[in-house]
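Undergrad: Handing you this structure, nothing more for now.
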Amino acid sequence: MQNMGLNEIREKFLSFFETKNCLRLDSFSLVPKNDASLLLINSGMAPMKKWFTGAEVPPRKRVTTCQKCIRTPDIESVGKTARHGTFFEMLGNFSFGDYFKHEAIAWAWEFLTKVMEIPEDVLWITVYEEDDEARDIWINEIGVNPERVVKMGKADNFWEHGTGPCGPCSEIHVDRGIEHSCGKPDCKLGCDCDRFMEVWNLVFTQFDKDEDGNYNRLANPNIDTGMGLERLACIMQGVNNLFEVDTVQDTMKHISRIAGVNYTDDKKTDISLRVITDHIRSTVMMVSDGVIPSNEGRGYVLRRLLRRAARHGRLLNIKGEFLYTVADTVIDASKQGYPELDEKREYIKKVIRIEEEKFSKTIEAGLSILNDYIEATKAAGADTLSGADAFKLNDTYGFPIDLTVEICEEQGLQVDRAGFDAALKQQKDTARANRKDGSSWDDDSAVSIKAEATKFVGYDALEAKSEVVGIVADGNAVDAIGAGEEGIIVVKESPFYAEMGGQSGDIGSITGANGKATVVDTKKNGDDIYFHIVKVEEGSISMGDAVTLSVCKKNRMAVCRNHSTTHLLHKALKEVLGTHVAQAGSEVTAKHLRFDFSHFEAMTADEIKAVEAKVNEAILEAMDITVQELNIEDAKKLGATAQFGEKYGETVRVVSMGDYSVEFCGGTHLTNTAQAGLFKIISENGVAAGVRRIEAVTGAGVLAQLNGALATIANVADAIKSTVHDVEAKAAAVVEENKGLKRELESIKSKMANASLGDLLDKAADISGVKLVAQRLADGLDMNALRGAGDNLKQKLDCGVLVLASAADGKVNIVCMATADAVAKGAHAGNIIREVAKTCGGGGGGKPDSAQAGGKDASKLDEALKAAEAVLAGQIK
C-alpha cells in the first residue's frame with residue numbers, strides 16, 4: 001500500500017469509475033438547489049434526490065462525484081477531539097436504475113485492493129442481517145473470508161428516512177491494527193475505538209416503504225455509495241485522523257507558523273489549531289459557493305464558523321486579522337479538485353477579511369463585558385449566566401450567543417438559554433407589534449368577507465366589467481357605500497393588480513350605474529380575495545351592482561417600468577459583483593424601485609456606474625419581454641431565477657427579457673425593455689448584515705432627477721455669482737477663498753487668545769507644589785484657539801495644571817492641560833475637566849495630560865473654574 005496524497009486519491013477514484021462508464025460530475029454547490037429541507041449539502045447523494053425519486057431524468061444512469069459537504073450539528077465538539085469536523089469530501093458512485101449489487105460490490109473491492117492496493121486481509125465487511133444476497137456476493141463472488149463478513153442489525157446496516165426509497169447497506173471497514181485498539185478483551189468490529197475504521201458505505205436502494213410500514217420492491221433499484229475522502233486518505237497515509245492528512249496539515253502548519261506554536265505540544269493550543277483548521281476549510285468552501293455571513297440561515301452558520309475560528313486565533317495570541325491569509329493555503333491545497341476556488345480567490349479572501357474586521361470591533365468590548373458577568377455570577381455563588389445578561393451581550397454588543405455559551409463552559413458555567421430565547425422572542429414580538437399600523441386591510445382577520453377568490457384578469461386588460469360581491473366600511477360588512485365614504489369593494493373578477501411580491505397595488509376607478517369610486521390601492525388577503533380600497537366620489541355603490549373597473553394606465557405603466565427594470569438590475573448586479581448576489585427583497589411603485597440584495601460590502605462608485613450602464617444598455621437594446629406559463633421543472637431547466645420570499649405551485653409564470661434575464665414572476669411587466677426609457681441609481685446603502693439596498697428611478701423619474709439636478713446647479717451658480725457653464729471652476733475658487741479666510745480667522749483667534757494670557761502665571765494658585773491656572777479668556781474662542789493658548793502657556797510651567805475657558809453664544813468651551821511633573825504627582829486633566837464642566841451643565845473628559853469639554857450655561861463659568869482648585873487638591877499625592 002503506497003502513501004498517496006488526498007488530491008491524487010480523489011482523481012484516482014473518479015478516473016476509476018469513469019472506466020466503468022460512469023459520468024464524472026463536478027461537485028454540486030454547497031447551497032441546495034430547490035430543496036428547502038436542507039440548509040447546506042451534507043452528503044454525496046443529497047443534490048441528486050430529484051434523480052433518485054424520478055422527479056428528473058439524470059444526465060446518465062451511471063454517475064460518479066466527489067461532493068463538498070458541510071455538517072454542523074456537533075460544531076461545539078470540533079477541536080475538542082480529532083474525530084469531529086464540519087467540512088469533508090464525499091466520494092461516491094451512483095446508479096439510477098442501472099447496475100446493482102453485483103457491480104457495486106465488485107467495483108468497490110477492485111478499487112480498494114487493486115487501485116489503492118490495500119491488503120485484503122485488513123478489510124472487513126458488514127451486511128444487513130437479512131441481506132443474504134449481498135453476503136453471498138461478498139463470499140462466493142469476491143472471495144472474502146466468511147469470518148470477515150459480519151451481519152449487523154437494522155440500526156447499523158439499513159438506510160431509511162421515513163417513508164419512500166430505502167434499503168440495506170454494506171459497509172467496508174479497515175482494521176488499522178491492534179495498536180489502535182482500545183485494549184478491551186471484546187474489542188471487535190463495531191467497537192467505538194479507532195481500530196476498525198469504516199471507509200465505504202454501499203447503499204442498495206431496493207425498497208419503497210409505504211405509510212403502513214410495508215417494504216415494497218422497487219422495479220428499478222438504485223445504488224448510492226459514499227466514502228469519506230479524508231478517511232481514505234488517513235488509511236493511505238498511515239495517519240491517525242483527518243487533521244494529519246496532507247492537505248489539512250498544510251493549513252494547520254500555516255496557522256501554527258502565524259501563532260508560533262506546534263501541533264501536539266500542548267492540549268489547549270491543539271484544540272484551537274483544530275478549530276481554526278476545520279473552520280477555515282468550511283469557510284472557504286461556503287464563500288466560494290456564494291454564502292455570505294449574516295444572522296440567518298446558512299449565512300449564520302458561516303458567521304458562526306468564522307467568528308469561532310477568529311476567537312480561537314486570539315486564544316493563540318494571534319494579533320489582528322489572519323484567517324483571510326490562511327485561505328490562500330486552503331485554496332492552494334484544494335484547487336486541483338475545485339478550480340473555481342482559484343478563480344474566486346480574491347473574492348473569498350475579501351469576504352473573510354471584512355467579517356474578521358467586523359468581529360474585531362465586536363469581540364474586545366463583548367469579552368470585557370462577558371468577563372464581568374462571569375465574575376459577578378461566580379461571586380454570587382451561581383453556576384448559570386442569566387438569560388438577560390446573555391441577551392444584552394447579543395443585542396447591545398453583537399456578541400454571538402454560541403460564543404457566550406462556549407466561553408461560559410470553559411469557565412465552568414452554564415447559560416440560561418431558555419431565558420435568552422424568551423428575551424429574544426419578546427424583542428421580536430415588540431418589533432412586530434410596532435410595525436402594524438392598524439389598517440383594516442393590512443390584517444386579514446380585521447375584514448370578514450364571504451366571497452370566492454377574485455379572478456385576476458389584469459395581465460391582458462386594464463378594464464373589465466364585474467359584479468360587486470362585498471363591501472366593507474369602518475371594518476364592517478355593509479350593503480352599500482355612499483359619497484364621501486371610504487372602504488373596501490370586492491368584485492368577482494378584476495383587472496387591478498393587488499400588492500404582492502414587492503409590487504404595489506393598482507389605482508384607478510370603479511363605476512356603476514348609481515355612483516363612482518376612486519381606487520387608491522389594491523391589496524388581497526390569504527384567500528386571494530382582492531380588496532379595492534376606495535373613496536366614493538359621487539352617488540353610491542351597492543352589493544350586486546354591475547360595475548366597470550378601470551386601472552389607471554399611466555400609473556400601471558410607471559410601475560411596470562420599475563418592475564421590469566428590477567429584473568435587469570438583478571442580472572446586472574450578478575455580472576458586476578458576482579454570482580453570489582441574490583434578491584433579498586424589493587419594492588416597486590410608480591415613483592421608484594427599491595432592490596435589496598446579498599452582498600458583503602458597499603458598492604464602489606465604479607461598480608455603481610457599471611451596473612447602471614449595463615441596465616441602460618439592456619433597455620436601449622429594445623429586447624422583447626415575453627411571458628410563459630410552464631411546469632415548474634421545465635421553468636427550472638430554462639435557468640429561471642426564483643424571486644425572494646415567493647412560493648410556487650406546479651405551474652409558474654416565467655418572465656424573459658430577451659436572452660438577458662429569466663425569472664419566475666407573477667407581476668405585471670412591459671412588453672419591451674425600451675419602454676423603461678432610462679434607469680438611474682439614486683442611492684446604495686446597507687440595510688442589514690450582508691444585505692445592500694439600491695433605490696432607483698426609470699422613465700419620467702430619471703427626467704425629474706435630471707431637472708432637479710439642473711435646477712440645483714442653476715441655484716448654486718446664482719448664489720456664487722457665476723454662470724452655469726463656469727459654476728464648477730467658480731465653486732472651487734470660492735472654496736479656496738473660504739479656506740484662506742478660515743485660516744486668517746484662526747490666526748486672529750489665536751492672537752486674541754494669546755493676548756488674553758497676559759500675566760496669568762502671576763495669578764496661578766499653588767496647590768501642594770502644583771501651580772493651577774484656572775482662568776476665563778476672551779469670549780468667542782473655539783477649542784482650537786484654547787488649545788493653542790494652552791500649549792503656549794504650558795511651555796512656561798514646570799509643574800502645573802491649566803484650565804482655560806471661553807464663552808460663545810451662551811455656551812462654554814473648556815480645555816485642561818497638565819505637565820508631566822503634575823501628572824506624576826496625581827493630577828488628571830480628564831477628571832478635573834469632568835467636574836468643572838458639570839457645574840456649567842456640560843460634560844467631557846480625556847487623558848491625564850489633556851482634556852476638553854463643553855458646557856451649556858455660560859453664566860456659571862466663573863463658578864465652574866473655581867471648582868478646579870478643590871478637584872486638583874483632592875488629586876495631589
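By order of appearance in the C-alpha cells: chains A, B, ..., then residues from 1 within every chain, and ligands from 1 in the order shown.
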Leaving out stretch 114-129 of chain A and any residue of its chain fewer than 4 positions from it, which residues lie within 8 Å of it when counting only C-alpha atoms, given as a PyMOL selection string?
TA: chain A and resi 1-2+12+109-110+134-135+148-154+156-158+168-176+189+236
Undergrad: With a distance cut-off of 12 Å and only C-alpha atoms, select the neighbouring residues of A:Val702, excluding the residue or stretch itself and same-chain residues fewer than 5 positions from it, and output the selection as an mmCIF file with all heavy atoms, in the first residue's frame.
TA:
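Written file, around_20.cif:
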data_model
loop_
_atom_site.group_PDB
_atom_site.id
_atom_site.type_symbol
_atom_site.label_atom_id
_atom_site.label_comp_id
_atom_site.auth_asym_id
_atom_site.auth_seq_id
_atom_site.Cartn_x
_atom_site.Cartn_y
_atom_site.Cartn_z
ATOM 1 N N ALA A 558 -45.971 53.125 -15.202
ATOM 2 C CA ALA A 558 -44.849 53.569 -14.370
ATOM 3 C C ALA A 558 -44.382 52.435 -13.456
ATOM 4 O O ALA A 558 -43.176 52.216 -13.279
ATOM 5 C CB ALA A 558 -45.253 54.792 -13.544
ATOM 6 N N ARG A 561 -42.523 49.868 -15.583
ATOM 7 C CA ARG A 561 -41.146 50.291 -15.900
ATOM 8 C C ARG A 561 -40.200 49.917 -14.766
ATOM 9 O O ARG A 561 -39.118 49.375 -14.982
ATOM 10 C CB ARG A 561 -41.096 51.810 -16.128
ATOM 11 C CG ARG A 561 -41.694 52.281 -17.428
ATOM 12 C CD ARG A 561 -41.412 53.766 -17.671
ATOM 13 N NE ARG A 561 -42.243 54.248 -18.762
ATOM 14 C CZ ARG A 561 -43.408 54.855 -18.597
ATOM 15 N NH1 ARG A 561 -43.865 55.100 -17.387
ATOM 16 N NH2 ARG A 561 -44.116 55.245 -19.643
ATOM 17 N N ASN A 562 -40.634 50.237 -13.558
ATOM 18 C CA ASN A 562 -39.768 49.958 -12.413
ATOM 19 C C ASN A 562 -39.658 48.464 -12.120
ATOM 20 O O ASN A 562 -38.599 47.991 -11.709
ATOM 21 C CB ASN A 562 -40.284 50.717 -11.180
ATOM 22 C CG ASN A 562 -40.024 52.209 -11.281
ATOM 23 O OD1 ASN A 562 -39.013 52.639 -11.841
ATOM 24 N ND2 ASN A 562 -40.942 53.014 -10.778
ATOM 25 N N LYS A 591 -43.329 55.543 -8.459
ATOM 26 C CA LYS A 591 -42.318 56.580 -8.301
ATOM 27 C C LYS A 591 -40.893 56.058 -8.345
ATOM 28 O O LYS A 591 -39.984 56.744 -8.807
ATOM 29 C CB LYS A 591 -42.547 57.333 -6.984
ATOM 30 C CG LYS A 591 -43.826 58.167 -6.977
ATOM 31 C CD LYS A 591 -43.954 58.923 -5.658
ATOM 32 C CE LYS A 591 -45.203 59.801 -5.655
ATOM 33 N NZ LYS A 591 -45.351 60.536 -4.375
ATOM 34 N N HIS A 592 -40.685 54.849 -7.819
ATOM 35 C CA HIS A 592 -39.310 54.364 -7.717
ATOM 36 C C HIS A 592 -39.276 52.848 -7.586
ATOM 37 O O HIS A 592 -40.306 52.195 -7.434
ATOM 38 C CB HIS A 592 -38.609 54.999 -6.508
ATOM 39 C CG HIS A 592 -39.002 54.374 -5.201
ATOM 40 N ND1 HIS A 592 -40.261 54.535 -4.659
ATOM 41 C CD2 HIS A 592 -38.326 53.568 -4.346
ATOM 42 C CE1 HIS A 592 -40.324 53.866 -3.514
ATOM 43 N NE2 HIS A 592 -39.165 53.270 -3.309
ATOM 44 N N LEU A 593 -38.063 52.309 -7.617
ATOM 45 C CA LEU A 593 -37.868 50.899 -7.307
ATOM 46 C C LEU A 593 -36.820 50.804 -6.203
ATOM 47 O O LEU A 593 -35.902 51.623 -6.113
ATOM 48 C CB LEU A 593 -37.432 50.116 -8.552
ATOM 49 C CG LEU A 593 -36.056 50.401 -9.159
ATOM 50 C CD1 LEU A 593 -34.974 49.506 -8.548
ATOM 51 C CD2 LEU A 593 -36.096 50.194 -10.667
ATOM 52 N N ASN A 616 -28.964 50.190 -18.522
ATOM 53 C CA ASN A 616 -29.357 51.097 -19.612
ATOM 54 C C ASN A 616 -29.064 50.493 -20.980
ATOM 55 O O ASN A 616 -29.808 50.700 -21.938
ATOM 56 C CB ASN A 616 -28.656 52.445 -19.452
ATOM 57 C CG ASN A 616 -29.348 53.329 -18.431
ATOM 58 O OD1 ASN A 616 -30.559 53.506 -18.465
ATOM 59 N ND2 ASN A 616 -28.576 53.869 -17.494
ATOM 60 N N ALA A 676 -38.886 51.226 -20.797
ATOM 61 C CA ALA A 676 -38.421 51.746 -19.498
ATOM 62 C C ALA A 676 -37.791 53.122 -19.643
ATOM 63 O O ALA A 676 -37.674 53.867 -18.673
ATOM 64 C CB ALA A 676 -37.423 50.774 -18.863
ATOM 65 N N GLY A 677 -37.364 53.463 -20.871
ATOM 66 C CA GLY A 677 -36.775 54.786 -21.106
ATOM 67 C C GLY A 677 -35.327 54.833 -20.687
ATOM 68 O O GLY A 677 -34.423 54.539 -21.452
ATOM 69 N N LEU A 678 -35.081 55.191 -19.433
ATOM 70 C CA LEU A 678 -33.735 55.244 -18.869
ATOM 71 C C LEU A 678 -33.790 54.773 -17.413
ATOM 72 O O LEU A 678 -34.860 54.733 -16.794
ATOM 73 C CB LEU A 678 -33.152 56.649 -18.937
ATOM 74 C CG LEU A 678 -32.616 57.118 -20.291
ATOM 75 C CD1 LEU A 678 -32.225 58.597 -20.217
ATOM 76 C CD2 LEU A 678 -31.409 56.286 -20.723
ATOM 77 N N PHE A 679 -32.611 54.475 -16.847
ATOM 78 C CA PHE A 679 -32.506 53.968 -15.480
ATOM 79 C C PHE A 679 -31.424 54.753 -14.757
ATOM 80 O O PHE A 679 -30.343 54.993 -15.295
ATOM 81 C CB PHE A 679 -32.152 52.481 -15.538
ATOM 82 C CG PHE A 679 -31.728 51.882 -14.215
ATOM 83 C CD1 PHE A 679 -32.678 51.518 -13.262
ATOM 84 C CD2 PHE A 679 -30.381 51.659 -13.935
ATOM 85 C CE1 PHE A 679 -32.282 50.954 -12.051
ATOM 86 C CE2 PHE A 679 -29.990 51.097 -12.733
ATOM 87 C CZ PHE A 679 -30.943 50.740 -11.787
ATOM 88 N N LYS A 680 -31.719 55.185 -13.522
ATOM 89 C CA LYS A 680 -30.738 55.939 -12.745
ATOM 90 C C LYS A 680 -30.757 55.488 -11.293
ATOM 91 O O LYS A 680 -31.817 55.467 -10.647
ATOM 92 C CB LYS A 680 -31.044 57.435 -12.816
ATOM 93 C CG LYS A 680 -30.071 58.315 -12.039
ATOM 94 C CD LYS A 680 -28.687 58.266 -12.636
ATOM 95 C CE LYS A 680 -27.687 59.112 -11.856
ATOM 96 N NZ LYS A 680 -26.304 58.941 -12.365
ATOM 97 N N ILE A 681 -29.591 55.102 -10.775
ATOM 98 C CA ILE A 681 -29.481 54.720 -9.358
ATOM 99 C C ILE A 681 -29.397 55.998 -8.518
ATOM 100 O O ILE A 681 -28.553 56.866 -8.759
ATOM 101 C CB ILE A 681 -28.238 53.838 -9.122
ATOM 102 C CG1 ILE A 681 -28.422 52.481 -9.833
ATOM 103 C CG2 ILE A 681 -27.993 53.628 -7.622
ATOM 104 C CD1 ILE A 681 -27.205 51.577 -9.768
ATOM 105 N N ILE A 682 -30.257 56.085 -7.516
ATOM 106 C CA ILE A 682 -30.308 57.259 -6.631
ATOM 107 C C ILE A 682 -29.449 57.048 -5.390
ATOM 108 O O ILE A 682 -28.775 57.961 -4.910
ATOM 109 C CB ILE A 682 -31.762 57.557 -6.213
ATOM 110 C CG1 ILE A 682 -32.644 57.738 -7.453
ATOM 111 C CG2 ILE A 682 -31.826 58.790 -5.326
ATOM 112 C CD1 ILE A 682 -32.157 58.800 -8.406
ATOM 113 N N ALA A 696 -33.719 53.359 -7.070
ATOM 114 C CA ALA A 696 -33.506 53.886 -8.417
ATOM 115 C C ALA A 696 -34.816 54.362 -9.022
ATOM 116 O O ALA A 696 -35.902 54.088 -8.489
ATOM 117 C CB ALA A 696 -32.870 52.802 -9.294
ATOM 118 N N VAL A 697 -34.702 55.052 -10.143
ATOM 119 C CA VAL A 697 -35.877 55.531 -10.873
ATOM 120 C C VAL A 697 -35.714 55.196 -12.354
ATOM 121 O O VAL A 697 -34.599 54.927 -12.828
ATOM 122 C CB VAL A 697 -36.074 57.051 -10.696
ATOM 123 C CG1 VAL A 697 -36.497 57.382 -9.284
ATOM 124 C CG2 VAL A 697 -34.802 57.812 -11.072
ATOM 125 N N ASN A 707 -33.842 67.157 -14.115
ATOM 126 C CA ASN A 707 -34.315 68.530 -13.966
ATOM 127 C C ASN A 707 -33.985 69.084 -12.583
ATOM 128 O O ASN A 707 -33.636 70.256 -12.426
ATOM 129 C CB ASN A 707 -35.821 68.597 -14.213
ATOM 130 C CG ASN A 707 -36.168 68.408 -15.686
ATOM 131 O OD1 ASN A 707 -35.345 68.678 -16.559
ATOM 132 N ND2 ASN A 707 -37.377 67.945 -15.964
ATOM 133 N N GLY A 708 -34.109 68.209 -11.570
ATOM 134 C CA GLY A 708 -33.780 68.639 -10.220
ATOM 135 C C GLY A 708 -32.308 68.979 -10.081
ATOM 136 O O GLY A 708 -31.938 69.986 -9.448
ATOM 137 N N ALA A 709 -31.454 68.162 -10.691
ATOM 138 C CA ALA A 709 -30.010 68.404 -10.626
ATOM 139 C C ALA A 709 -29.649 69.691 -11.359
ATOM 140 O O ALA A 709 -28.830 70.498 -10.885
ATOM 141 C CB ALA A 709 -29.259 67.219 -11.226
#
Undergrad: Residues at most 10 Å from A:Asn3, counting only C-alpha atoms, excluding those fewer than 5 positions away in the same chain, as a PyMOL selection string?
TA: chain A and resi 116+233-238
Undergrad: Just list as a PyMOL selection string whatever in stretch 467-590 of chain A DSSP marks as alpha helix (DSSP H).
TA: chain A and resi 553-577
Undergrad: Quote the spacing between atom CA of A:Met500 and atom CA of A:Leu573 in Å to one decimal place.
TA: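 Spanning atom CA of A:Met500 to atom CA of A:Leu573 is a straight-line distance of 23.1 Å.
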Undergrad: Name all residues at most 10 Å from stretch 332-336 of chain A (count only C-alpha atoms; drop same-chain ones fewer than 2 positions away) and give them as a list in words.
TA: Leu6, Asn7, Glu8, Arg10, Glu11, Asp246, Thr247, Val248, Gln249, Asp250, Thr251, Arg281, Met285, Ala327, Asp328, Thr329, Val330, Tyr338, Pro339, Glu340, Leu341, Asp342, Glu343 and Arg345 of chain A
Undergrad: Residues as selected, N, CA and C atoms, written as a PDB file, in the first residue's frame, can you do that?
TA:
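part27.pdb written:
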ATOM      1  N   LEU A   6      -4.098  13.297  -0.816  1.00  0.00           N
ATOM      2  CA  LEU A   6      -5.557  13.394  -0.913  1.00  0.00           C
ATOM      3  C   LEU A   6      -6.005  13.739  -2.325  1.00  0.00           C
ATOM      4  N   ASN A   7      -5.331  14.683  -2.973  1.00  0.00           N
ATOM      5  CA  ASN A   7      -5.737  15.070  -4.325  1.00  0.00           C
ATOM      6  C   ASN A   7      -5.550  13.931  -5.318  1.00  0.00           C
ATOM      7  N   GLU A   8      -4.504  13.144  -5.125  1.00  0.00           N
ATOM      8  CA  GLU A   8      -4.257  12.000  -6.001  1.00  0.00           C
ATOM      9  C   GLU A   8      -5.332  10.937  -5.804  1.00  0.00           C
ATOM     10  N   ARG A  10      -8.442  11.415  -4.830  1.00  0.00           N
ATOM     11  CA  ARG A  10      -9.687  11.897  -5.445  1.00  0.00           C
ATOM     12  C   ARG A  10      -9.697  11.619  -6.944  1.00  0.00           C
ATOM     13  N   GLU A  11      -8.597  11.964  -7.595  1.00  0.00           N
ATOM     14  CA  GLU A  11      -8.516  11.787  -9.042  1.00  0.00           C
ATOM     15  C   GLU A  11      -8.546  10.308  -9.430  1.00  0.00           C
ATOM     16  N   ASP A 246      -2.480  15.178   4.535  1.00  0.00           N
ATOM     17  CA  ASP A 246      -1.534  16.133   3.938  1.00  0.00           C
ATOM     18  C   ASP A 246      -2.111  17.523   3.675  1.00  0.00           C
ATOM     19  N   THR A 247      -3.238  17.613   2.977  1.00  0.00           N
ATOM     20  CA  THR A 247      -3.773  18.928   2.636  1.00  0.00           C
ATOM     21  C   THR A 247      -4.273  19.678   3.867  1.00  0.00           C
ATOM     22  N   VAL A 248      -4.811  18.935   4.835  1.00  0.00           N
ATOM     23  CA  VAL A 248      -5.299  19.561   6.069  1.00  0.00           C
ATOM     24  C   VAL A 248      -4.111  20.028   6.902  1.00  0.00           C
ATOM     25  N   GLN A 249      -3.045  19.234   6.901  1.00  0.00           N
ATOM     26  CA  GLN A 249      -1.831  19.618   7.615  1.00  0.00           C
ATOM     27  C   GLN A 249      -1.214  20.894   7.047  1.00  0.00           C
ATOM     28  N   ASP A 250      -1.297  21.063   5.722  1.00  0.00           N
ATOM     29  CA  ASP A 250      -0.773  22.302   5.118  1.00  0.00           C
ATOM     30  C   ASP A 250      -1.426  23.521   5.762  1.00  0.00           C
ATOM     31  N   THR A 251      -2.746  23.431   5.939  1.00  0.00           N
ATOM     32  CA  THR A 251      -3.478  24.537   6.549  1.00  0.00           C
ATOM     33  C   THR A 251      -3.085  24.719   8.006  1.00  0.00           C
ATOM     34  N   ARG A 281     -11.455  25.832   6.481  1.00  0.00           N
ATOM     35  CA  ARG A 281     -11.728  24.990   5.303  1.00  0.00           C
ATOM     36  C   ARG A 281     -13.216  25.106   4.928  1.00  0.00           C
ATOM     37  N   MET A 285     -14.915  27.096   1.416  1.00  0.00           N
ATOM     38  CA  MET A 285     -15.822  26.393   0.504  1.00  0.00           C
ATOM     39  C   MET A 285     -17.198  27.060   0.458  1.00  0.00           C
ATOM     40  N   ALA A 327      -6.631  31.413   4.106  1.00  0.00           N
ATOM     41  CA  ALA A 327      -7.482  30.982   2.995  1.00  0.00           C
ATOM     42  C   ALA A 327      -6.656  30.659   1.757  1.00  0.00           C
ATOM     43  N   ASP A 328      -5.557  31.368   1.559  1.00  0.00           N
ATOM     44  CA  ASP A 328      -4.685  31.083   0.412  1.00  0.00           C
ATOM     45  C   ASP A 328      -4.209  29.637   0.433  1.00  0.00           C
ATOM     46  N   THR A 329      -3.818  29.157   1.606  1.00  0.00           N
ATOM     47  CA  THR A 329      -3.322  27.785   1.717  1.00  0.00           C
ATOM     48  C   THR A 329      -4.425  26.773   1.464  1.00  0.00           C
ATOM     49  N   VAL A 330      -5.633  27.048   1.977  1.00  0.00           N
ATOM     50  CA  VAL A 330      -6.768  26.150   1.727  1.00  0.00           C
ATOM     51  C   VAL A 330      -7.051  26.084   0.227  1.00  0.00           C
ATOM     52  N   TYR A 338     -11.143  21.611  -7.137  1.00  0.00           N
ATOM     53  CA  TYR A 338     -12.165  22.643  -7.256  1.00  0.00           C
ATOM     54  C   TYR A 338     -11.516  23.903  -7.831  1.00  0.00           C
ATOM     55  N   PRO A 339     -11.294  23.935  -9.147  1.00  0.00           N
ATOM     56  CA  PRO A 339     -10.583  25.064  -9.771  1.00  0.00           C
ATOM     57  C   PRO A 339     -11.266  26.410  -9.567  1.00  0.00           C
ATOM     58  N   GLU A 340     -12.582  26.399  -9.269  1.00  0.00           N
ATOM     59  CA  GLU A 340     -13.283  27.665  -9.055  1.00  0.00           C
ATOM     60  C   GLU A 340     -12.738  28.406  -7.832  1.00  0.00           C
ATOM     61  N   LEU A 341     -12.094  27.681  -6.906  1.00  0.00           N
ATOM     62  CA  LEU A 341     -11.513  28.332  -5.729  1.00  0.00           C
ATOM     63  C   LEU A 341     -10.434  29.324  -6.150  1.00  0.00           C
ATOM     64  N   ASP A 342      -9.608  28.925  -7.090  1.00  0.00           N
ATOM     65  CA  ASP A 342      -8.536  29.804  -7.559  1.00  0.00           C
ATOM     66  C   ASP A 342      -9.113  30.996  -8.305  1.00  0.00           C
ATOM     67  N   GLU A 343     -10.169  30.765  -9.078  1.00  0.00           N
ATOM     68  CA  GLU A 343     -10.801  31.842  -9.832  1.00  0.00           C
ATOM     69  C   GLU A 343     -11.418  32.884  -8.897  1.00  0.00           C
ATOM     70  N   ARG A 345     -10.430  33.462  -5.735  1.00  0.00           N
ATOM     71  CA  ARG A 345      -9.513  33.642  -4.597  1.00  0.00           C
ATOM     72  C   ARG A 345      -9.659  35.007  -3.927  1.00  0.00           C
TER      73      ARG A 345
END
Undergrad: Might you pull out every residue within 9 Å of A:Ile876, with only C-alpha atoms counted and same-chain residues fewer than 6 positions away left off, and present them as a list of chain:residue names?
TA: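 Using only C-alpha atoms, the neighbours found are A:Ile767, A:Ser768, A:Gly769, A:Val770, A:Ala822, A:Val823, A:Lys825, A:Gly826, A:Ala827.
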Undergrad: Separation of atom CA of A:Gly228 and atom CA of A:Trp159, in Å?
TA: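 Rounded to one decimal, the two atoms are 17.2 Å apart.
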